[in-house]
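Asker: Sending over a structure as structure tokens; questions will come in a sec.
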Amino acid sequence: MASAFEGLSEAVTGVVDAVGSSVVGVGAGGSGVVVGENLVATNAHNLRGEELIVTFAGSSAGSGAGPRREVATVAGVDAEGDLAVLSVDTAGVASPSWAPNPPRLGEVVIALAQPGGRGLRVGVGFVSALEVSFPGPGGRRITGAIEHTAPLARGSSGGPLVNGAGLLVGIDTHRVGDGFYLALPAGEQLRARVDGLSRGESPKRVRLGVALAPPRVARRLRRSVGLPERDGLLVHAVEPGGPADRAGIRQGDLVVSVAGSAVTSIDELAGVLEAADTSNSVELGVVRGVDEITIAVDLGTPSK
């Protein structure tokens, strides 16, 4: 038994030695990770205050050198996706390599953070769930997150989640209540977002421009006005001038399908929209009263 614990300890300390220097503090209460020369990735919700300070670890392990602090500028920010890339002098600090494959359920993972620059923190846990969704800072659903059990201190969001080989598998972003952490998965999609933000490109996101109530609320409200119950998402507000408004979607409509596929949850709808092409339209199956109709919603920007 002792040898097993010793082996685990050696593996974790080896990862920390290899990856720890790439973990930074962001501002007064966040973390981040070096993702390239003079580039740091973090969460958008960590961007607070007029002057943004990034804190690096000492110059070398055991050297006694204190942390290095640099003023950063924002290269690009995706507020709805809770991701930002900062431009800052990384002084040659290497970034961790990205894992070629996503983590498996039950896989051991190591979470690192430097909350507000107050020293490196490390937690070890397991992947407890995959494809988890949660509301982002602006209320938009963020899908595909990794849930893990590695304990983390407050201010750890933005720090890296790595596997046993020290390869990046995610960026921690959100705590579920007082429990497990969720991480944005470090796949091709995240890499493309980081690259785009590094170039100052704003993300183009598909949006309908509606506020939706879940099926349980829809069933209750339809029943209260004498309409037959039906699974779907109830439109309880429509953004004036938005794609749904232009297409004729109304408050009280019940969205039952998207592109011919039934939707029974907001997460399902979010997944379809994330995969949609912003230059095309999408067909919504809508129940209005007792009538079922199909409405094509143009997802592009309206012409002037």
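Following the order of the structure tokens, chains are lettered A, B, ..., residues in each are numbered from 1, and ligands are numbered from 1.
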Val124 in chain A: which residues within 10 Å, counting only C-alpha atoms, same-chain residues fewer than 6 positions away excluded, as a PyMOL selection string?
Answerer: chain A and resi 12+108-112+148-152+161-164
Asker: Taking C-alpha atoms for each residue, export the selection above as a CSV table (one decimal), in the first residue's frame.
Answerer:
chain,number,residue,atom,x,y,z
A,12,VAL,CA,1.8,14.3,-8.9
A,108,VAL,CA,-7.2,10.9,-12.5
A,109,VAL,CA,-6.7,14.6,-13.1
A,110,ILE,CA,-4.6,17.3,-11.4
A,111,ALA,CA,-5.9,20.8,-11.0
A,112,LEU,CA,-3.5,23.7,-10.5
A,148,HIS,CA,-14.0,16.7,-11.6
A,149,THR,CA,-13.4,16.1,-7.9
A,150,ALA,CA,-10.0,17.8,-7.4
A,151,PRO,CA,-10.4,20.2,-4.5
A,152,LEU,CA,-9.6,23.8,-5.3
A,161,LEU,CA,-6.6,20.9,-15.4
A,162,VAL,CA,-4.0,18.3,-16.6
A,163,ASN,CA,-3.9,14.5,-16.8
A,164,GLY,CA,-1.3,12.2,-15.2
Asker: Any idea what's packed within 12 Å of Thr13 in chain A, counting only C-alpha atoms, ignoring anything in its chain fewer than 5 positions away? Could you give it as JSON, numbers by chain?
Answerer: {"A": [6, 7, 8, 18, 19, 20, 110, 112, 122, 123, 124, 164, 165, 166]}
Asker: Can you measure CA of Val272 in chain A to CA of Gly179 in chain A for me? One decimal in Å is fine.
Answerer: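 Between CA of Val272 in chain A and CA of Gly179 in chain A the gap works out to 28.9 Å.
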Asker: Which distance in Å separates CA of Gly81 in chain A and CA of Val194 in chain A, to one decimal?
Answerer: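 Separation between CA of Gly81 in chain A and CA of Val194 in chain A: 11.3 Å.
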Asker: Enumerate, as a ChimeraX atom specification, the complete set of residues in range 9-98 of chain A that a backbone-based DSSP assignment places in strand (DSSP E or B).
Answerer: /A:23-26,30-36,39-42,52-56,68-78,83-87,98
Asker: For the interface of range 165-230 of chain A with range 87-95 of chain A (cut-off 10 Å, counting only C-alpha atoms), please tabulate each contacting residue of range 165-230 of chain A alongside its nearest pair of atoms and their separation in Å to one decimal, rows sorted by chain and increasing number, as a tab-separated table.
Answerer:
residue	atom	partner	partner_atom	distance
A:Leu167	CA	A:Ser95	CA	10.0
A:Leu168	CA	A:Ser95	CA	9.4
A:Ser198	CA	A:Ser87	CA	7.9
Asker: Please extract the residues of range 157-264 of chain A with a backbone DSSP assignment of helix (DSSP H, G or I) and present them as a ChimeraX atom specification.
Answerer: /A:188-198,215-224,243-247
